[in-house]
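Participant: Please find coords.cif (mmCIF, C-alpha atoms; chains and numbers go by the auth columns) on the next line:
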data_upload
#
loop_
_atom_site.group_PDB
_atom_site.id
_atom_site.type_symbol
_atom_site.label_atom_id
_atom_site.label_comp_id
_atom_site.label_asym_id
_atom_site.label_seq_id
_atom_site.Cartn_x
_atom_site.Cartn_y
_atom_site.Cartn_z
_atom_site.B_iso_or_equiv
_atom_site.auth_seq_id
_atom_site.auth_asym_id
ATOM 1 C CA MET A 1 27.623 -5.064 -19.383 0.00 224 T
ATOM 2 C CA ALA A 2 24.381 -6.004 -21.141 0.00 225 T
ATOM 3 C CA GLU A 3 21.112 -5.332 -19.345 0.00 226 T
ATOM 4 C CA LYS A 4 19.447 -8.459 -17.992 0.00 227 T
ATOM 5 C CA LYS A 5 16.438 -9.478 -20.031 0.00 228 T
ATOM 6 C CA GLY A 6 13.257 -9.069 -17.961 0.00 229 T
ATOM 7 C CA LYS A 7 10.996 -12.060 -17.606 0.00 230 T
ATOM 8 C CA LEU A 8 7.465 -11.598 -16.329 0.00 231 T
ATOM 9 C CA ALA A 9 7.198 -13.719 -13.209 0.00 232 T
ATOM 10 C CA GLU A 10 4.003 -15.416 -12.062 0.00 233 T
ATOM 11 C CA ILE A 11 3.158 -14.303 -8.562 0.00 234 T
ATOM 12 C CA LYS A 12 0.410 -15.678 -6.328 0.00 235 T
ATOM 13 C CA THR A 13 -1.058 -12.304 -5.378 0.00 236 T
ATOM 14 C CA LYS A 14 -2.952 -10.938 -8.367 0.00 237 T
ATOM 15 C CA ALA A 15 -5.722 -8.415 -8.981 0.00 238 T
ATOM 16 C CA THR A 16 -9.167 -9.967 -8.603 0.00 239 T
ATOM 17 C CA ALA A 17 -12.751 -8.943 -9.324 0.00 240 T
ATOM 18 C CA ALA A 18 -13.719 -9.279 -5.638 0.00 241 T
ATOM 19 C CA SER A 19 -15.587 -6.361 -4.081 0.00 242 T
ATOM 20 C CA VAL A 20 -13.426 -3.942 -2.084 0.00 243 T
ATOM 21 C CA GLU A 21 -16.554 -2.645 -0.331 0.00 244 T
ATOM 22 C CA ASP A 22 -17.618 -6.145 0.755 0.00 245 T
ATOM 23 C CA PHE A 23 -14.103 -6.891 1.963 0.00 246 T
ATOM 24 C CA ILE A 24 -13.921 -3.753 4.124 0.00 247 T
ATOM 25 C CA ASN A 25 -17.458 -4.271 5.445 0.00 248 T
ATOM 26 C CA ASN A 26 -16.378 -7.721 6.632 0.00 249 T
ATOM 27 C CA VAL A 27 -13.324 -6.535 8.576 0.00 250 T
ATOM 28 C CA PRO A 28 -14.217 -7.779 12.082 0.00 251 T
ATOM 29 C CA ASN A 29 -12.502 -4.996 14.052 0.00 252 T
ATOM 30 C CA GLU A 30 -14.665 -1.860 14.015 0.00 253 T
ATOM 31 C CA GLN A 31 -11.696 0.524 14.393 0.00 254 T
ATOM 32 C CA LYS A 32 -9.771 -1.121 11.538 0.00 255 T
ATOM 33 C CA ARG A 33 -12.898 -1.030 9.386 0.00 256 T
ATOM 34 C CA ALA A 34 -13.380 2.718 10.034 0.00 257 T
ATOM 35 C CA ASP A 35 -9.664 3.430 9.474 0.00 258 T
ATOM 36 C CA SER A 36 -9.741 1.381 6.260 0.00 259 T
ATOM 37 C CA LEU A 37 -12.530 3.574 4.876 0.00 260 T
ATOM 38 C CA VAL A 38 -10.438 6.700 5.594 0.00 261 T
ATOM 39 C CA ILE A 39 -7.323 5.218 3.941 0.00 262 T
ATOM 40 C CA LEU A 40 -9.446 4.012 1.004 0.00 263 T
ATOM 41 C CA GLU A 41 -10.712 7.536 0.317 0.00 264 T
ATOM 42 C CA MET A 42 -7.253 9.063 0.849 0.00 265 T
ATOM 43 C CA MET A 43 -5.638 6.708 -1.681 0.00 266 T
ATOM 44 C CA LYS A 44 -8.541 7.007 -4.136 0.00 267 T
ATOM 45 C CA LYS A 45 -8.174 10.807 -4.084 0.00 268 T
ATOM 46 C CA ALA A 46 -4.362 10.673 -4.366 0.00 269 T
ATOM 47 C CA THR A 47 -4.302 8.251 -7.311 0.00 270 T
ATOM 48 C CA GLY A 48 -7.520 9.111 -9.127 0.00 271 T
ATOM 49 C CA GLU A 49 -7.899 5.316 -9.460 0.00 272 T
ATOM 50 C CA GLU A 50 -10.590 2.914 -8.328 0.00 273 T
ATOM 51 C CA PRO A 51 -9.369 0.298 -5.845 0.00 274 T
ATOM 52 C CA LYS A 52 -8.970 -3.384 -6.707 0.00 275 T
ATOM 53 C CA MET A 53 -8.581 -6.389 -4.477 0.00 276 T
ATOM 54 C CA TRP A 54 -5.198 -8.068 -4.834 0.00 277 T
ATOM 55 C CA GLY A 55 -5.430 -11.602 -3.562 0.00 278 T
ATOM 56 C CA ALA A 56 -7.838 -12.082 -0.676 0.00 279 T
ATOM 57 C CA SER A 57 -6.754 -9.228 1.584 0.00 280 T
ATOM 58 C CA ILE A 58 -4.857 -6.374 -0.124 0.00 281 T
ATOM 59 C CA ILE A 59 -6.522 -3.294 -1.615 0.00 282 T
ATOM 60 C CA GLY A 60 -4.414 -1.788 -4.393 0.00 283 T
ATOM 61 C CA PHE A 61 -4.592 1.320 -6.562 0.00 284 T
ATOM 62 C CA GLY A 62 -3.184 1.650 -10.073 0.00 285 T
ATOM 63 C CA ASP A 63 -1.027 -0.789 -12.000 0.00 286 T
ATOM 64 C CA LYS A 64 2.734 -0.939 -12.311 0.00 287 T
ATOM 65 C CA ARG A 65 5.209 -3.414 -13.732 0.00 288 T
ATOM 66 C CA TYR A 66 8.173 -3.599 -11.379 0.00 289 T
ATOM 67 C CA LYS A 67 11.553 -4.902 -12.446 0.00 290 T
ATOM 68 C CA SER A 68 14.037 -6.211 -9.933 0.00 291 T
ATOM 69 C CA PRO A 69 17.437 -4.594 -10.529 0.00 292 T
ATOM 70 C CA ALA A 70 19.122 -7.696 -9.110 0.00 293 T
ATOM 71 C CA SER A 71 17.345 -10.495 -10.984 0.00 294 T
ATOM 72 C CA GLY A 72 15.709 -8.668 -13.870 0.00 295 T
ATOM 73 C CA ARG A 73 12.460 -10.401 -12.867 0.00 296 T
ATOM 74 C CA GLU A 74 9.315 -8.389 -13.582 0.00 297 T
ATOM 75 C CA VAL A 75 6.000 -8.513 -11.726 0.00 298 T
ATOM 76 C CA ASP A 76 2.688 -6.752 -12.199 0.00 299 T
ATOM 77 C CA TRP A 77 1.718 -4.973 -9.000 0.00 300 T
ATOM 78 C CA PHE A 78 -0.130 -1.888 -7.772 0.00 301 T
ATOM 79 C CA LEU A 79 1.206 1.649 -7.210 0.00 302 T
ATOM 80 C CA ILE A 80 0.065 1.934 -3.593 0.00 303 T
ATOM 81 C CA GLY A 81 -2.256 -0.067 -1.385 0.00 304 T
ATOM 82 C CA PHE A 82 -3.141 -1.264 2.078 0.00 305 T
ATOM 83 C CA ALA A 83 -4.387 -4.264 4.009 0.00 306 T
ATOM 84 C CA PRO A 84 -6.322 -4.254 7.281 0.00 307 T
ATOM 85 C CA ARG A 85 -4.516 -7.137 9.001 0.00 308 T
ATOM 86 C CA LYS A 86 -5.355 -8.631 12.384 0.00 309 T
ATOM 87 C CA ALA A 87 -2.211 -7.181 13.970 0.00 310 T
ATOM 88 C CA ASN A 88 -2.162 -3.792 12.200 0.00 311 T
ATOM 89 C CA LEU A 89 -2.907 -1.755 9.091 0.00 312 T
ATOM 90 C CA SER A 90 -0.273 -2.524 6.477 0.00 313 T
ATOM 91 C CA ILE A 91 0.245 0.384 4.095 0.00 314 T
ATOM 92 C CA TYR A 92 2.098 -0.492 0.893 0.00 315 T
ATOM 93 C CA LEU A 93 3.850 2.586 -0.476 0.00 316 T
ATOM 94 C CA THR A 94 6.210 0.523 -2.648 0.00 317 T
ATOM 95 C CA MET A 95 9.137 2.846 -2.060 0.00 318 T
ATOM 96 C CA ASP A 96 12.168 2.734 0.227 0.00 319 T
ATOM 97 C CA ILE A 97 10.454 3.828 3.446 0.00 320 T
ATOM 98 C CA LYS A 98 13.812 4.400 5.185 0.00 321 T
ATOM 99 C CA LYS A 99 14.524 7.269 2.752 0.00 322 T
ATOM 100 C CA GLN A 100 11.499 9.083 4.193 0.00 323 T
ATOM 101 C CA ALA A 101 13.237 9.780 7.520 0.00 324 T
ATOM 102 C CA THR A 102 11.992 13.369 7.808 0.00 325 T
ATOM 103 C CA ALA A 103 8.366 12.317 7.336 0.00 326 T
ATOM 104 C CA LEU A 104 8.772 9.311 9.629 0.00 327 T
ATOM 105 C CA GLU A 105 10.037 11.567 12.447 0.00 328 T
ATOM 106 C CA LYS A 106 6.716 13.433 12.308 0.00 329 T
ATOM 107 C CA LEU A 107 4.434 10.466 11.614 0.00 330 T
ATOM 108 C CA GLY A 108 3.810 9.117 15.105 0.00 331 T
ATOM 109 C CA LYS A 109 3.643 5.463 16.229 0.00 332 T
ATOM 110 C CA TYR A 110 4.532 2.996 13.431 0.00 333 T
ATOM 111 C CA LYS A 111 6.807 0.163 12.309 0.00 334 T
ATOM 112 C CA THR A 112 8.324 -0.295 8.870 0.00 335 T
ATOM 113 C CA GLY A 113 9.067 -3.066 6.418 0.00 336 T
ATOM 114 C CA VAL A 114 10.917 -2.724 3.097 0.00 337 T
ATOM 115 C CA GLY A 115 8.155 -0.854 1.262 0.00 338 T
ATOM 116 C CA CYS A 116 5.527 -0.979 4.010 0.00 339 T
ATOM 117 C CA LEU A 117 4.344 1.046 6.905 0.00 340 T
ATOM 118 C CA TYR A 118 2.602 -0.738 9.761 0.00 341 T
ATOM 119 C CA ILE A 119 0.287 1.221 12.045 0.00 342 T
ATOM 120 C CA ASN A 120 -2.146 0.018 14.690 0.00 343 T
ATOM 121 C CA LYS A 121 -4.735 2.747 14.121 0.00 344 T
ATOM 122 C CA LEU A 122 -4.938 6.139 12.425 0.00 345 T
ATOM 123 C CA ALA A 123 -5.304 7.834 15.817 0.00 346 T
ATOM 124 C CA ASP A 124 -1.643 6.872 16.502 0.00 347 T
ATOM 125 C CA ILE A 125 -0.301 8.909 13.583 0.00 348 T
ATOM 126 C CA ASP A 126 -0.468 12.338 11.944 0.00 349 T
ATOM 127 C CA ILE A 127 -2.796 11.763 8.989 0.00 350 T
ATOM 128 C CA LYS A 128 -1.384 14.778 7.111 0.00 351 T
ATOM 129 C CA VAL A 129 2.078 13.202 7.196 0.00 352 T
ATOM 130 C CA LEU A 130 0.656 9.904 5.911 0.00 353 T
ATOM 131 C CA LYS A 131 -1.004 11.789 3.044 0.00 354 T
ATOM 132 C CA GLN A 132 2.352 13.454 2.201 0.00 355 T
ATOM 133 C CA MET A 133 4.042 10.044 2.188 0.00 356 T
ATOM 134 C CA ILE A 134 1.349 8.659 -0.153 0.00 357 T
ATOM 135 C CA ASP A 135 1.855 11.632 -2.482 0.00 358 T
ATOM 136 C CA THR A 136 5.637 11.169 -2.359 0.00 359 T
ATOM 137 C CA ALA A 137 5.306 7.455 -3.200 0.00 360 T
ATOM 138 C CA LEU A 138 3.177 8.301 -6.231 0.00 361 T
ATOM 139 C CA LYS A 139 5.681 10.905 -7.467 0.00 362 T
ATOM 140 C CA LEU A 140 8.455 8.311 -7.377 0.00 363 T
ATOM 141 C CA LYS A 141 6.603 5.954 -9.743 0.00 364 T
#
Any chance you could put this one into structure tokens?

Facilitator:
Amino acid sequence: MAEKKGKLAEIKTKATAASVEDFINNVPNEQKRADSLVILEMMKKATGEEPKMWGASIIGFGDKRYKSPASGREVDWFLIGFAPRKANLSIYLTMDIKKQATALEKLGKYKTGVGCLYINKLADIDIKVLKQMIDTALKLK
């Protein structure tokens, strides 16, 4: 069977020139702001990349063109990222989180989405395990 031809799709969330520092400094919750600075440094060190704002509220590192195996649709996205949301810290590892069962058992208090990890605060988790998961996500790229 012939491979589906990839078509670059227009998505609403794109990299912007907005200041990551200004964004984090304006996070209203002090704990989320402090945790965001820790995650920012962790991801910066892991990727060797400078962060970029994606849309109004996501901080992303690196660039990657993803292709959907089902539709063949391609989108430009980031390798890893995070967003300090009102409800939690959303950590985008863009990998199948469920396949990280061993790490998740050791992580602490969290919830998962398809490629996301949701934590309330860094104090709820083992930061070393999060760092390992970030490194694993980058190796899978």

Participant: Could you list, as JSON, numbers by chain, every residue within 10 Å of Ile281 in chain T, counting only C-alpha atoms and ignoring same-chain residues fewer than 6 positions away?

Facilitator: {"T": [236, 237, 238, 243, 246, 274, 275, 304, 305, 306, 307, 308, 313, 314, 315]}

Participant: With 3 Å added on each side, what axis-aligned box encloses every listed atom of range 263-274 of chain T? Give the centre and edge lengths in Å to one decimal, as AutoDock Vina command-line options.

Facilitator:
--center_x -7.5 --center_y 5.6 --center_z -4.2 --size_x 12.4 --size_y 16.5 --size_z 16.5

Participant: What does the PyMOL selection byres ((chain T and resi 361) around 9) select in this file, as a list in words?

Facilitator: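 Taken on the displayed file, the PyMOL selection byres ((chain T and resi 361) around 9) yields the residues Ala269, Thr270, Leu302, Ile303, Leu316, Met356, Ile357, Asp358, Thr359, Ala360, Lys362, Leu363 and Lys364 of chain T.
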
Participant: Kindly save the residues from that selection, with C-alpha atoms included, as a tab-separated table (two decimals), in the coordinates of the input.

Facilitator:
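Result file part_14.tsv:
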chain	number	residue	atom	x	y	z
T	269	ALA	CA	-4.36	10.67	-4.37
T	270	THR	CA	-4.30	8.25	-7.31
T	302	LEU	CA	1.21	1.65	-7.21
T	303	ILE	CA	0.06	1.93	-3.59
T	316	LEU	CA	3.85	2.59	-0.48
T	356	MET	CA	4.04	10.04	2.19
T	357	ILE	CA	1.35	8.66	-0.15
T	358	ASP	CA	1.86	11.63	-2.48
T	359	THR	CA	5.64	11.17	-2.36
T	360	ALA	CA	5.31	7.46	-3.20
T	362	LYS	CA	5.68	10.90	-7.47
T	363	LEU	CA	8.46	8.31	-7.38
T	364	LYS	CA	6.60	5.95	-9.74

Participant: What's the separation between CA of Ser242 in chain T and CA of Met276 in chain T, in Å to one decimal place?

Facilitator: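 Value for the CA of Ser242 in chain T-CA of Met276 in chain T distance: 7.0 Å.
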
Participant: Evaluating the PyMOL selection byres ((chain T and resi 340) around 9) on the displayed file yields which residues, as a list of chain:residue names?

Facilitator: T:Leu312, T:Ser313, T:Ile314, T:Tyr315, T:Leu316, T:Ile320, T:Tyr333, T:Lys334, T:Thr335, T:Gly336, T:Val337, T:Gly338, T:Cys339, T:Tyr341, T:Ile342

Participant: Got time to write the residues from that selection, C-alpha atoms, as a PDB file, keeping the file's coordinate frame?

Facilitator:
ATOM      1  CA  LEU T 312      -2.907  -1.755   9.091  1.00  0.00           C
ATOM      2  CA  SER T 313      -0.273  -2.524   6.477  1.00  0.00           C
ATOM      3  CA  ILE T 314       0.245   0.384   4.095  1.00  0.00           C
ATOM      4  CA  TYR T 315       2.098  -0.492   0.893  1.00  0.00           C
ATOM      5  CA  LEU T 316       3.850   2.586  -0.476  1.00  0.00           C
ATOM      6  CA  ILE T 320      10.454   3.828   3.446  1.00  0.00           C
ATOM      7  CA  TYR T 333       4.532   2.996  13.431  1.00  0.00           C
ATOM      8  CA  LYS T 334       6.807   0.163  12.309  1.00  0.00           C
ATOM      9  CA  THR T 335       8.324  -0.295   8.870  1.00  0.00           C
ATOM     10  CA  GLY T 336       9.067  -3.066   6.418  1.00  0.00           C
ATOM     11  CA  VAL T 337      10.917  -2.724   3.097  1.00  0.00           C
ATOM     12  CA  GLY T 338       8.155  -0.854   1.262  1.00  0.00           C
ATOM     13  CA  CYS T 339       5.527  -0.979   4.010  1.00  0.00           C
ATOM     14  CA  TYR T 341       2.602  -0.738   9.761  1.00  0.00           C
ATOM     15  CA  ILE T 342       0.287   1.221  12.045  1.00  0.00           C
TER      16      ILE T 342
END

Participant: Run the PyMOL selection byres ((chain T and resi 352) around 10) on the file and write out the hits as a list in words.

Facilitator: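 Here the PyMOL selection byres ((chain T and resi 352) around 10) matches Thr325, Ala326, Leu327, Glu328, Lys329, Leu330, Gly331, Ile348, Asp349, Ile350, Lys351, Leu353, Lys354, Gln355, Met356, Ile357 and Asp358 of chain T.
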
Participant: What is the CA of Ala310 in chain T to CA of Ala240 in chain T distance in Å?

Facilitator: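 Taking CA of Ala310 in chain T as the start and CA of Ala240 in chain T as the end point, the length is 25.6 Å.
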
Participant: Output range 262-293 of chain T as a JSON list (two decimals), in the frame of the given file, making sure N, CA and C atoms are there.

Facilitator:
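Result file follows (part-v8.json):
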[["chain", "number", "residue", "atom", "x", "y", "z"],
["T", 262, "ILE", "N", -8.48, 5.47, 4.81],
["T", 262, "ILE", "CA", -7.32, 5.22, 3.94],
["T", 262, "ILE", "C", -7.79, 5.00, 2.50],
["T", 263, "LEU", "N", -8.89, 4.27, 2.33],
["T", 263, "LEU", "CA", -9.45, 4.01, 1.00],
["T", 263, "LEU", "C", -9.72, 5.33, 0.28],
["T", 264, "GLU", "N", -10.39, 6.25, 0.94],
["T", 264, "GLU", "CA", -10.71, 7.54, 0.32],
["T", 264, "GLU", "C", -9.45, 8.36, 0.06],
["T", 265, "MET", "N", -8.51, 8.31, 0.99],
["T", 265, "MET", "CA", -7.25, 9.06, 0.85],
["T", 265, "MET", "C", -6.48, 8.59, -0.39],
["T", 266, "MET", "N", -6.39, 7.27, -0.55],
["T", 266, "MET", "CA", -5.64, 6.71, -1.68],
["T", 266, "MET", "C", -6.40, 6.89, -2.99],
["T", 267, "LYS", "N", -7.72, 6.80, -2.94],
["T", 267, "LYS", "CA", -8.54, 7.01, -4.14],
["T", 267, "LYS", "C", -8.34, 8.44, -4.65],
["T", 268, "LYS", "N", -8.36, 9.39, -3.72],
["T", 268, "LYS", "CA", -8.17, 10.81, -4.08],
["T", 268, "LYS", "C", -6.76, 11.06, -4.61],
["T", 269, "ALA", "N", -5.76, 10.45, -3.97],
["T", 269, "ALA", "CA", -4.36, 10.67, -4.37],
["T", 269, "ALA", "C", -4.05, 10.09, -5.74],
["T", 270, "THR", "N", -4.64, 8.93, -6.05],
["T", 270, "THR", "CA", -4.30, 8.25, -7.31],
["T", 270, "THR", "C", -5.27, 8.57, -8.45],
["T", 271, "GLY", "N", -6.50, 8.94, -8.10],
["T", 271, "GLY", "CA", -7.52, 9.11, -9.13],
["T", 271, "GLY", "C", -7.96, 7.77, -9.70],
["T", 272, "GLU", "N", -7.61, 6.68, -9.01],
["T", 272, "GLU", "CA", -7.90, 5.32, -9.46],
["T", 272, "GLU", "C", -8.95, 4.68, -8.56],
["T", 273, "GLU", "N", -9.68, 3.73, -9.12],
["T", 273, "GLU", "CA", -10.59, 2.91, -8.33],
["T", 273, "GLU", "C", -9.78, 1.76, -7.72],
["T", 274, "PRO", "N", -10.11, 1.38, -6.50],
["T", 274, "PRO", "CA", -9.37, 0.30, -5.84],
["T", 274, "PRO", "C", -9.72, -1.07, -6.42],
["T", 275, "LYS", "N", -8.76, -1.99, -6.32],
["T", 275, "LYS", "CA", -8.97, -3.38, -6.71],
["T", 275, "LYS", "C", -8.45, -4.27, -5.58],
["T", 276, "MET", "N", -9.09, -5.40, -5.42],
["T", 276, "MET", "CA", -8.58, -6.39, -4.48],
["T", 276, "MET", "C", -7.41, -7.10, -5.15],
["T", 277, "TRP", "N", -6.36, -7.29, -4.40],
["T", 277, "TRP", "CA", -5.20, -8.07, -4.83],
["T", 277, "TRP", "C", -5.12, -9.25, -3.89],
["T", 278, "GLY", "N", -5.34, -10.43, -4.42],
["T", 278, "GLY", "CA", -5.43, -11.60, -3.56],
["T", 278, "GLY", "C", -6.68, -11.47, -2.70],
["T", 279, "ALA", "N", -6.66, -12.08, -1.54],
["T", 279, "ALA", "CA", -7.84, -12.08, -0.68],
["T", 279, "ALA", "C", -7.88, -10.93, 0.31],
["T", 280, "SER", "N", -6.75, -10.19, 0.48],
["T", 280, "SER", "CA", -6.75, -9.23, 1.58],
["T", 280, "SER", "C", -6.02, -7.90, 1.36],
["T", 281, "ILE", "N", -5.56, -7.64, 0.14],
["T", 281, "ILE", "CA", -4.86, -6.37, -0.12],
["T", 281, "ILE", "C", -5.70, -5.52, -1.07],
["T", 282, "ILE", "N", -5.81, -4.24, -0.76],
["T", 282, "ILE", "CA", -6.52, -3.29, -1.62],
["T", 282, "ILE", "C", -5.46, -2.45, -2.31],
["T", 283, "GLY", "N", -5.44, -2.50, -3.64],
["T", 283, "GLY", "CA", -4.41, -1.79, -4.39],
["T", 283, "GLY", "C", -5.01, -0.76, -5.34],
["T", 284, "PHE", "N", -4.20, 0.24, -5.66],
["T", 284, "PHE", "CA", -4.59, 1.32, -6.56],
["T", 284, "PHE", "C", -3.58, 1.44, -7.69],
["T", 285, "GLY", "N", -4.07, 1.50, -8.93],
["T", 285, "GLY", "CA", -3.18, 1.65, -10.07],
["T", 285, "GLY", "C", -2.51, 0.34, -10.43],
["T", 286, "ASP", "N", -1.76, 0.38, -11.52],
["T", 286, "ASP", "CA", -1.03, -0.79, -12.00],
["T", 286, "ASP", "C", 0.39, -0.38, -12.35],
["T", 287, "LYS", "N", 1.33, -1.23, -12.04],
["T", 287, "LYS", "CA", 2.73, -0.94, -12.31],
["T", 287, "LYS", "C", 3.46, -2.24, -12.56],
["T", 288, "ARG", "N", 4.34, -2.26, -13.52],
["T", 288, "ARG", "CA", 5.21, -3.41, -13.73],
["T", 288, "ARG", "C", 6.56, -3.08, -13.10],
["T", 289, "TYR", "N", 6.91, -3.82, -12.08],
["T", 289, "TYR", "CA", 8.17, -3.60, -11.38],
["T", 289, "TYR", "C", 9.23, -4.56, -11.89],
["T", 290, "LYS", "N", 10.44, -4.07, -12.01],
["T", 290, "LYS", "CA", 11.55, -4.90, -12.45],
["T", 290, "LYS", "C", 12.62, -4.90, -11.37],
["T", 291, "SER", "N", 13.00, -6.08, -10.94],
["T", 291, "SER", "CA", 14.04, -6.21, -9.93],
["T", 291, "SER", "C", 15.39, -5.89, -10.56],
["T", 292, "PRO", "N", 16.12, -4.92, -9.98],
["T", 292, "PRO", "CA", 17.44, -4.59, -10.53],
["T", 292, "PRO", "C", 18.42, -5.76, -10.37],
["T", 293, "ALA", "N", 18.21, -6.58, -9.36],
["T", 293, "ALA", "CA", 19.12, -7.70, -9.11],
["T", 293, "ALA", "C", 18.89, -8.87, -10.06]]
